[in-house]
Amino acid sequence: MRTTKMAAPIRELAIFLLGLSIQCALSHVIELNNNFLEDRHKGSWLVEFYAPWCGHCKKLEPVWHHVGRSLQGSPIKVARVDATRYTAIGNEFTIRGYPTIKFFKGDQIFTHNGGRSLEDIVQFAQRAQGPAVRELRSVTQLNDLRIKHTVFFLYVGDDNDSELKTAYSAIAEDYVLKGYFYQAPPTILPHDIKVDTLPTVLVLKDRKYFKYGGGDKASLKDWIELERFPAFPRITPDNINELAGSGRRIAVAVIEDSSVPTDVTEDTRVREMLQELAKGRDPEFHSAFLYCWMDGTELINQITMSFVNTPAIVVLEPSTESYYLPDTPTAGMARPQLKGFLRKVISGDAPAHGGNSFLQRLKRVLYDFITGVTSLFRAQPFIASLLIGLPTFVVTFLCYSLCTAEVVDDMEDEDDLSEDEKEDEDRVERYEEVSGHMKKE
């Protein structure tokens with residue numbers, strides 16, 4: 001009987017240790033300390049800087065372990081470090097927020113500014129690991145890339161020492177996190193891709209391909225910057241900063257949230273109208289605008305600090321943090337009116353809203369505070385009421401106490417003064433009575 005009682009705890013302990021060992025074996029995530037400052041040059045590192053109290057870090061934790069398993073067998077070491085405990089690391093790499101994801105390769109440091117899904121993080125690590133230009137050896141590889149990537153660049157030619165290839169490789173190094181760059185001999189091109197002159201550079205996107213027109217390194221870089229986005233991408237909180245860094249104005253079709261059942265006939269028409277203009281690559285507008293669409297109004301409301309009704313066409317000017325609205329309502333707008341609006345934006349005749357002036361920055365602070373409080377009330381009404389109501393009650397109580405204390409003191413003084421006056425009056429009355437009696441006698 002004693003043996004049976006002793007066996008149960010031992011069995012539970014064995015199961016616990018086995019589960020712990022399996023978890024450790026599957027995590028593939030290295031916990032770092034200050035020694036990383038010396039070890040960072042030893043290979044490639046994908047590192048998450050986190051804080052134990054950070055809610056976003058806790059949400060990322062299971063994803064990060066999946067990242068470790070996904071990159072198992074690659075030369076990339078996946079790690080994490082508590083930057084609040086090992087402050088020397090946080091100070092060395094200027095960590096200002098949590099979680100922060102960085103990739104270390106020799107003296108190069110890349111910061112991840114995209115989404116935090118498994119696919120986004122793994123893709124970031126693979127891009128940063130390089131090489132910047134990958135070589136294709138078969139038409140099958142090329143066709144697989146056309147399915148996998150929405151946009152990628154391809155150097156076609158056998159001459160690896162050409163000026164074009166040198167410029168292409170140098171730009172690829174600079175844009176390693178911004179795009180996909182490949183090279184291939186002309187013999188593996190499929191039949192639907194026709195190349196007249198070699199070497200050349202192509203961009204494959206939107207199920208089409210476009211050729212580089214030629215020029216020096218600066219013109220090639222400008223062309224790659226112009227073509228590195230799809231013709232009509234969707235704007236999300238994860239990619240808006242990257243889109244804003246394109247150097248162009250952003251023409252946005254704002255439509256109703258697709259998750260909300262509604263009649264979206266007009267929304268669809270406006271979206272397709274801007275999409276046709278984007279894919280038509282009109283030379284009048286192609287280099288001036290990046291065309292996008294937005295599902296729902298939450299993000300555009302945050303940008304404009306207003307309430308935008310759908311459907312809407314809004315042009316964003318990232319360089320000045322301003323935006324433009326058409327004179328006529330978007331509902332019912334025809335393509336000629338849309339082009340006329342875009343021409344006014346280019347010429348400067350369209351009035352700009354917003355901006356980055358002091359008043360606008362102050363407005364932004366107030367707007368962020370109000371929307372933050374509103375979001376908190378929607379998500380956690382009890383906690384929001386406690387956070388807002390308790391300080392308000394304390395301040396109100398203190399103010400009331402101070403005010404009433406002064407009034408009470410005044411009243412007490414008045415009461416004391418009136419009692420003294422009454423005593424004086426009583427003395428006078430008694431004196432008069434005594435004086436009257438003495439006169440009568």
# chains A, B, ... in the order shown; residues from 1 in each chain; ligands from 1
>>> residues_around(residues="Gly179 in chain A", least_positions_apart="4", cutoff="8 Å", atoms="only C-alpha atoms", output="number ranges by chain")
A: 151-153, 172, 175, 228
>>> select_by_dssp(residues="range 29-246 of chain A", states="strand (DSSP E)", output="MDAnalysis selection string")
chainID A and resid 30:31 44:50 76:82 100:105 108:111 133:135 151:156 181:184 200:205 208:211
>>> write_last_selection(atoms="N, CA and C atoms", output="tab-separated table (two decimals), in the first residue's frame")
chain	number	residue	atom	x	y	z
A	30	ILE	N	16.43	30.71	-27.85
A	30	ILE	CA	17.52	30.90	-26.89
A	30	ILE	C	17.22	32.11	-26.02
A	31	GLU	N	17.35	31.94	-24.70
A	31	GLU	CA	17.21	33.06	-23.78
A	31	GLU	C	18.58	33.72	-23.61
A	44	SER	N	24.12	34.54	-37.52
A	44	SER	CA	22.92	35.37	-37.73
A	44	SER	C	21.94	35.14	-36.58
A	45	TRP	N	21.38	36.24	-36.08
A	45	TRP	CA	20.49	36.20	-34.92
A	45	TRP	C	19.18	36.93	-35.22
A	46	LEU	N	18.09	36.28	-34.90
A	46	LEU	CA	16.77	36.92	-34.91
A	46	LEU	C	16.35	37.04	-33.45
A	47	VAL	N	16.26	38.28	-32.95
A	47	VAL	CA	16.11	38.52	-31.51
A	47	VAL	C	14.85	39.33	-31.23
A	48	GLU	N	14.09	38.87	-30.24
A	48	GLU	CA	12.96	39.64	-29.73
A	48	GLU	C	13.37	40.28	-28.40
A	49	PHE	N	13.26	41.59	-28.32
A	49	PHE	CA	13.48	42.33	-27.08
A	49	PHE	C	12.11	42.52	-26.41
A	50	TYR	N	11.95	41.97	-25.22
A	50	TYR	CA	10.63	41.98	-24.59
A	50	TYR	C	10.71	42.49	-23.16
A	76	ILE	N	19.99	30.67	-39.05
A	76	ILE	CA	19.47	31.75	-38.22
A	76	ILE	C	19.16	31.22	-36.83
A	77	LYS	N	19.73	31.84	-35.81
A	77	LYS	CA	19.44	31.50	-34.42
A	77	LYS	C	18.33	32.42	-33.90
A	78	VAL	N	17.29	31.82	-33.38
A	78	VAL	CA	16.14	32.58	-32.86
A	78	VAL	C	16.30	32.72	-31.35
A	79	ALA	N	16.20	33.94	-30.85
A	79	ALA	CA	16.45	34.20	-29.43
A	79	ALA	C	15.52	35.30	-28.92
A	80	ARG	N	15.54	35.47	-27.61
A	80	ARG	CA	14.79	36.55	-26.98
A	80	ARG	C	15.54	37.00	-25.74
A	81	VAL	N	15.30	38.25	-25.34
A	81	VAL	CA	16.01	38.79	-24.18
A	81	VAL	C	15.09	39.76	-23.45
A	82	ASP	N	15.10	39.67	-22.13
A	82	ASP	CA	14.35	40.60	-21.28
A	82	ASP	C	15.16	41.89	-21.18
A	100	THR	N	10.31	44.58	-29.57
A	100	THR	CA	11.11	45.03	-30.71
A	100	THR	C	11.84	43.82	-31.28
A	101	ILE	N	11.78	43.67	-32.60
A	101	ILE	CA	12.40	42.52	-33.28
A	101	ILE	C	13.52	43.04	-34.17
A	102	LYS	N	14.71	42.49	-33.98
A	102	LYS	CA	15.87	42.88	-34.78
A	102	LYS	C	16.59	41.64	-35.30
A	103	PHE	N	17.24	41.83	-36.44
A	103	PHE	CA	18.04	40.77	-37.06
A	103	PHE	C	19.49	41.23	-37.10
A	104	PHE	N	20.39	40.37	-36.63
A	104	PHE	CA	21.82	40.70	-36.56
A	104	PHE	C	22.59	39.76	-37.49
A	105	LYS	N	23.37	40.36	-38.36
A	105	LYS	CA	24.23	39.58	-39.27
A	105	LYS	C	25.54	40.33	-39.43
A	108	GLN	N	25.74	44.22	-39.57
A	108	GLN	CA	24.45	44.71	-40.04
A	108	GLN	C	23.36	44.43	-39.01
A	109	ILE	N	22.49	45.42	-38.83
A	109	ILE	CA	21.34	45.28	-37.92
A	109	ILE	C	20.10	45.73	-38.68
A	110	PHE	N	19.09	44.88	-38.74
A	110	PHE	CA	17.83	45.18	-39.40
A	110	PHE	C	16.71	45.16	-38.36
A	111	THR	N	15.82	46.13	-38.44
A	111	THR	CA	14.68	46.22	-37.52
A	111	THR	C	13.40	45.86	-38.25
A	133	VAL	N	20.45	38.94	-53.84
A	133	VAL	CA	20.03	38.49	-55.17
A	133	VAL	C	20.15	36.97	-55.21
A	134	ARG	N	19.05	36.30	-55.47
A	134	ARG	CA	19.04	34.84	-55.52
A	134	ARG	C	18.98	34.38	-56.97
A	135	GLU	N	19.65	33.29	-57.27
A	135	GLU	CA	19.75	32.82	-58.64
A	135	GLU	C	18.70	31.75	-58.93
A	151	VAL	N	5.03	40.71	-55.98
A	151	VAL	CA	5.96	41.56	-56.73
A	151	VAL	C	7.37	41.03	-56.52
A	152	PHE	N	8.15	40.90	-57.62
A	152	PHE	CA	9.58	40.62	-57.49
A	152	PHE	C	10.31	41.09	-58.74
A	153	PHE	N	11.60	41.34	-58.58
A	153	PHE	CA	12.43	41.84	-59.66
A	153	PHE	C	13.34	40.73	-60.17
A	154	LEU	N	13.63	40.79	-61.48
A	154	LEU	CA	14.41	39.74	-62.11
A	154	LEU	C	15.43	40.35	-63.08
A	155	TYR	N	16.70	40.08	-62.80
A	155	TYR	CA	17.76	40.45	-63.75
A	155	TYR	C	17.92	39.30	-64.73
A	156	VAL	N	17.82	39.60	-66.01
A	156	VAL	CA	17.92	38.59	-67.05
A	156	VAL	C	19.18	38.85	-67.86
A	181	PHE	N	14.63	40.05	-55.02
A	181	PHE	CA	15.48	40.26	-56.19
A	181	PHE	C	16.09	38.92	-56.61
A	182	TYR	N	15.97	38.62	-57.93
A	182	TYR	CA	16.47	37.37	-58.48
A	182	TYR	C	17.24	37.65	-59.76
A	183	GLN	N	17.99	36.66	-60.19
A	183	GLN	CA	18.67	36.72	-61.48
A	183	GLN	C	18.49	35.38	-62.17
A	184	ALA	N	18.47	35.43	-63.50
A	184	ALA	CA	18.24	34.20	-64.26
A	184	ALA	C	18.80	34.35	-65.66
A	200	THR	N	18.78	42.86	-69.06
A	200	THR	CA	17.68	43.75	-68.72
A	200	THR	C	17.15	43.38	-67.34
A	201	VAL	N	16.29	44.24	-66.83
A	201	VAL	CA	15.65	44.01	-65.52
A	201	VAL	C	14.14	44.06	-65.72
A	202	LEU	N	13.46	43.08	-65.15
A	202	LEU	CA	12.00	43.01	-65.22
A	202	LEU	C	11.42	43.10	-63.81
A	203	VAL	N	10.19	43.59	-63.76
A	203	VAL	CA	9.41	43.47	-62.54
A	203	VAL	C	8.17	42.66	-62.89
A	204	LEU	N	7.92	41.63	-62.12
A	204	LEU	CA	6.76	40.76	-62.34
A	204	LEU	C	5.76	41.00	-61.22
A	205	LYS	N	4.58	41.49	-61.60
A	205	LYS	CA	3.54	41.78	-60.62
A	205	LYS	C	2.20	41.86	-61.31
A	208	LYS	N	1.49	40.30	-64.61
A	208	LYS	CA	2.10	40.89	-65.80
A	208	LYS	C	3.58	41.08	-65.53
A	209	TYR	N	4.30	41.56	-66.55
A	209	TYR	CA	5.70	41.93	-66.36
A	209	TYR	C	5.96	43.24	-67.10
A	210	PHE	N	6.89	44.00	-66.54
A	210	PHE	CA	7.24	45.30	-67.13
A	210	PHE	C	8.75	45.42	-67.17
A	211	LYS	N	9.24	46.05	-68.22
A	211	LYS	CA	10.68	46.14	-68.45
A	211	LYS	C	11.23	47.48	-67.97
>>> residues_around(residues="Asp368 in chain A", least_positions_apart="4", cutoff="9 Å", atoms="only C-alpha atoms", output="ChimeraX atom specification")
/A:302,305,363-364,372-373
>>> write_last_selection(atoms="all heavy atoms", output="CSV table (one decimal), in the first residue's frame")
chain,number,residue,atom,x,y,z
A,302,GLN,N,-8.4,57.7,-38.0
A,302,GLN,CA,-7.3,58.0,-37.2
A,302,GLN,C,-6.3,59.0,-38.0
A,302,GLN,O,-5.7,59.9,-37.4
A,302,GLN,CB,-6.5,56.8,-36.8
A,302,GLN,CG,-7.3,55.9,-35.9
A,302,GLN,CD,-6.6,54.6,-35.6
A,302,GLN,OE1,-5.5,54.3,-36.1
A,302,GLN,NE2,-7.2,53.7,-34.8
A,305,MET,N,-8.2,62.4,-38.4
A,305,MET,CA,-8.8,62.9,-37.2
A,305,MET,C,-10.2,63.4,-37.5
A,305,MET,O,-10.6,64.5,-37.0
A,305,MET,CB,-8.0,63.9,-36.5
A,305,MET,CG,-6.6,63.4,-36.0
A,305,MET,SD,-5.6,64.7,-35.2
A,305,MET,CE,-5.1,65.7,-36.6
A,363,LYS,N,-3.9,68.9,-31.7
A,363,LYS,CA,-5.1,68.2,-32.0
A,363,LYS,C,-5.0,66.7,-32.0
A,363,LYS,O,-5.8,66.0,-31.6
A,363,LYS,CB,-5.7,68.7,-33.3
A,363,LYS,CG,-7.0,68.1,-33.8
A,363,LYS,CD,-7.4,68.6,-35.1
A,363,LYS,CE,-8.7,68.0,-35.6
A,363,LYS,NZ,-9.2,68.5,-36.9
A,364,ARG,N,-3.8,66.3,-32.5
A,364,ARG,CA,-3.5,64.9,-32.6
A,364,ARG,C,-3.4,64.3,-31.2
A,364,ARG,O,-3.9,63.2,-30.9
A,364,ARG,CB,-2.2,64.6,-33.3
A,364,ARG,CG,-1.6,63.2,-33.2
A,364,ARG,CD,-2.5,62.2,-33.9
A,364,ARG,NE,-2.7,62.4,-35.3
A,364,ARG,CZ,-3.5,61.7,-36.0
A,364,ARG,NH1,-4.2,60.8,-35.5
A,364,ARG,NH2,-3.6,62.0,-37.3
A,372,GLY,N,-8.4,56.9,-27.3
A,372,GLY,CA,-7.9,55.8,-26.4
A,372,GLY,C,-8.9,55.6,-25.3
A,372,GLY,O,-9.1,54.4,-24.9
A,373,VAL,N,-9.4,56.6,-24.7
A,373,VAL,CA,-10.4,56.4,-23.6
A,373,VAL,C,-11.6,55.7,-24.1
A,373,VAL,O,-12.2,54.8,-23.5
A,373,VAL,CB,-10.7,57.8,-23.0
A,373,VAL,CG1,-11.9,57.7,-22.0
A,373,VAL,CG2,-9.5,58.4,-22.3
>>> atom_distance(atom1="CA of Ser319 in chain A", atom2="CA of Arg281 in chain A")
23.0 Å
>>> select_by_dssp(residues="range 240-377 of chain A", states="alpha helix (DSSP H)", output="PDB file with C-alpha atoms, in the first residue's frame")
ATOM      1  CA  ILE A 240       0.906  51.796 -43.973  1.00  0.00           C
ATOM      2  CA  ASN A 241       4.348  53.031 -42.869  1.00  0.00           C
ATOM      3  CA  GLU A 242       6.024  51.142 -45.696  1.00  0.00           C
ATOM      4  CA  LEU A 243       3.536  52.530 -48.231  1.00  0.00           C
ATOM      5  CA  ALA A 244       4.030  56.031 -46.855  1.00  0.00           C
ATOM      6  CA  THR A 265     -22.722  48.306 -54.775  1.00  0.00           C
ATOM      7  CA  GLU A 266     -21.487  51.917 -54.767  1.00  0.00           C
ATOM      8  CA  ASP A 267     -18.446  51.005 -52.668  1.00  0.00           C
ATOM      9  CA  THR A 268     -17.496  48.345 -55.200  1.00  0.00           C
ATOM     10  CA  ARG A 269     -17.945  50.749 -58.113  1.00  0.00           C
ATOM     11  CA  VAL A 270     -15.675  53.389 -56.545  1.00  0.00           C
ATOM     12  CA  ARG A 271     -13.043  50.809 -55.651  1.00  0.00           C
ATOM     13  CA  GLU A 272     -13.040  49.327 -59.161  1.00  0.00           C
ATOM     14  CA  MET A 273     -12.868  52.803 -60.723  1.00  0.00           C
ATOM     15  CA  LEU A 274      -9.656  53.613 -58.841  1.00  0.00           C
ATOM     16  CA  GLN A 275      -8.312  50.107 -59.475  1.00  0.00           C
ATOM     17  CA  GLU A 276      -8.778  50.498 -63.240  1.00  0.00           C
ATOM     18  CA  LEU A 277      -6.873  53.774 -63.135  1.00  0.00           C
ATOM     19  CA  ALA A 278      -4.080  52.083 -61.166  1.00  0.00           C
ATOM     20  CA  LYS A 279      -3.703  49.106 -63.481  1.00  0.00           C
ATOM     21  CA  GLU A 298     -11.172  53.123 -38.502  1.00  0.00           C
ATOM     22  CA  LEU A 299      -7.692  53.692 -39.927  1.00  0.00           C
ATOM     23  CA  ILE A 300      -8.619  56.618 -42.201  1.00  0.00           C
ATOM     24  CA  ASN A 301     -10.450  58.272 -39.282  1.00  0.00           C
ATOM     25  CA  GLN A 302      -7.259  58.049 -37.223  1.00  0.00           C
ATOM     26  CA  ILE A 303      -5.219  59.583 -40.052  1.00  0.00           C
ATOM     27  CA  THR A 304      -7.599  62.455 -40.798  1.00  0.00           C
ATOM     28  CA  ARG A 335     -13.763  58.699 -63.898  1.00  0.00           C
ATOM     29  CA  PRO A 336     -13.319  62.170 -65.534  1.00  0.00           C
ATOM     30  CA  GLN A 337     -14.151  63.804 -62.193  1.00  0.00           C
ATOM     31  CA  LEU A 338     -11.647  61.543 -60.447  1.00  0.00           C
ATOM     32  CA  LYS A 339      -8.913  62.489 -62.889  1.00  0.00           C
ATOM     33  CA  GLY A 340      -9.784  66.155 -62.503  1.00  0.00           C
ATOM     34  CA  PHE A 341      -9.438  65.858 -58.728  1.00  0.00           C
ATOM     35  CA  LEU A 342      -6.031  64.161 -59.051  1.00  0.00           C
ATOM     36  CA  ARG A 343      -4.854  66.892 -61.463  1.00  0.00           C
ATOM     37  CA  LYS A 344      -5.800  69.537 -58.870  1.00  0.00           C
ATOM     38  CA  VAL A 345      -3.765  67.691 -56.247  1.00  0.00           C
ATOM     39  CA  ILE A 346      -0.731  67.595 -58.547  1.00  0.00           C
ATOM     40  CA  SER A 347      -1.027  71.271 -59.487  1.00  0.00           C
ATOM     41  CA  PHE A 358       1.717  72.957 -33.759  1.00  0.00           C
ATOM     42  CA  LEU A 359      -2.078  73.186 -33.641  1.00  0.00           C
ATOM     43  CA  GLN A 360      -2.406  69.978 -35.627  1.00  0.00           C
ATOM     44  CA  ARG A 361       0.026  68.175 -33.329  1.00  0.00           C
ATOM     45  CA  LEU A 362      -1.969  69.413 -30.318  1.00  0.00           C
ATOM     46  CA  LYS A 363      -5.149  68.241 -31.994  1.00  0.00           C
ATOM     47  CA  ARG A 364      -3.511  64.860 -32.578  1.00  0.00           C
ATOM     48  CA  VAL A 365      -2.683  64.517 -28.858  1.00  0.00           C
ATOM     49  CA  LEU A 366      -6.267  65.338 -27.864  1.00  0.00           C
ATOM     50  CA  TYR A 367      -7.705  63.042 -30.523  1.00  0.00           C
ATOM     51  CA  ASP A 368      -5.485  60.126 -29.470  1.00  0.00           C
ATOM     52  CA  PHE A 369      -6.463  60.667 -25.827  1.00  0.00           C
ATOM     53  CA  ILE A 370     -10.191  60.746 -26.583  1.00  0.00           C
ATOM     54  CA  THR A 371     -10.087  57.729 -28.908  1.00  0.00           C
ATOM     55  CA  GLY A 372      -7.905  55.842 -26.428  1.00  0.00           C
ATOM     56  CA  VAL A 373     -10.368  56.445 -23.607  1.00  0.00           C
ATOM     57  CA  THR A 374     -13.290  55.527 -25.870  1.00  0.00           C
ATOM     58  CA  SER A 375     -11.606  52.286 -26.928  1.00  0.00           C
ATOM     59  CA  LEU A 376     -10.870  51.444 -23.308  1.00  0.00           C
ATOM     60  CA  PHE A 377     -14.517  51.958 -22.350  1.00  0.00           C
TER      61      PHE A 377
END
>>> closest_atom_pairs(of="range 40-89 of chain A", to="range 114-129 of chain A", cutoff="12 Å", atoms="only C-alpha atoms", output="CSV")
residue,atom,partner,partner_atom,distance
A:Gly43,CA,A:Gln129,CA,10.1
A:Ser44,CA,A:Gln129,CA,7.2
A:Trp45,CA,A:Ala125,CA,8.8
A:Leu46,CA,A:Ala125,CA,6.8
A:Val47,CA,A:Ala125,CA,10.0
A:Glu48,CA,A:Ile121,CA,10.6
A:His56,CA,A:Arg116,CA,10.0
A:Cys57,CA,A:Arg116,CA,10.5
A:Lys59,CA,A:Arg116,CA,9.8
A:Leu60,CA,A:Arg116,CA,7.4
A:Glu61,CA,A:Arg116,CA,10.7
A:Pro62,CA,A:Leu118,CA,9.7
A:Val63,CA,A:Leu118,CA,6.0
A:Trp64,CA,A:Leu118,CA,7.6
A:His65,CA,A:Leu118,CA,9.5
A:His66,CA,A:Leu118,CA,7.0
A:Val67,CA,A:Leu118,CA,6.1
A:Gly68,CA,A:Val122,CA,9.1
A:Arg69,CA,A:Val122,CA,10.4
A:Ser70,CA,A:Val122,CA,7.6
A:Leu71,CA,A:Val122,CA,7.5
A:Gln72,CA,A:Val122,CA,11.2
A:Ser74,CA,A:Gln126,CA,9.5
A:Pro75,CA,A:Gln129,CA,8.6
A:Ile76,CA,A:Gln129,CA,7.6
A:Lys77,CA,A:Ala125,CA,10.1
A:Val78,CA,A:Ala125,CA,9.6
>>> closest_residue(among="A:Pro351, A:Gly73, A:Gly130, A:Pro233", to="His28 in chain A", atoms="only C-alpha atoms")
A:Gly73
>>> closest_residue(among="A:Leu402, A:Asp295, A:Ala251, A:Glu256", to="Leu316 in chain A", atoms="only C-alpha atoms")
A:Ala251
>>> closest_atom_pairs(of="range 147-188 of chain A", to="range 194-198 of chain A", cutoff="9 Å", atoms="only C-alpha atoms", output="CSV")
residue,atom,partner,partner_atom,distance
A:Val156,CA,A:Leu198,CA,6.9
A:Gly157,CA,A:Leu198,CA,5.8
A:Asp158,CA,A:Leu198,CA,8.4
A:Asp159,CA,A:Leu198,CA,8.8
A:Pro186,CA,A:Val195,CA,8.2
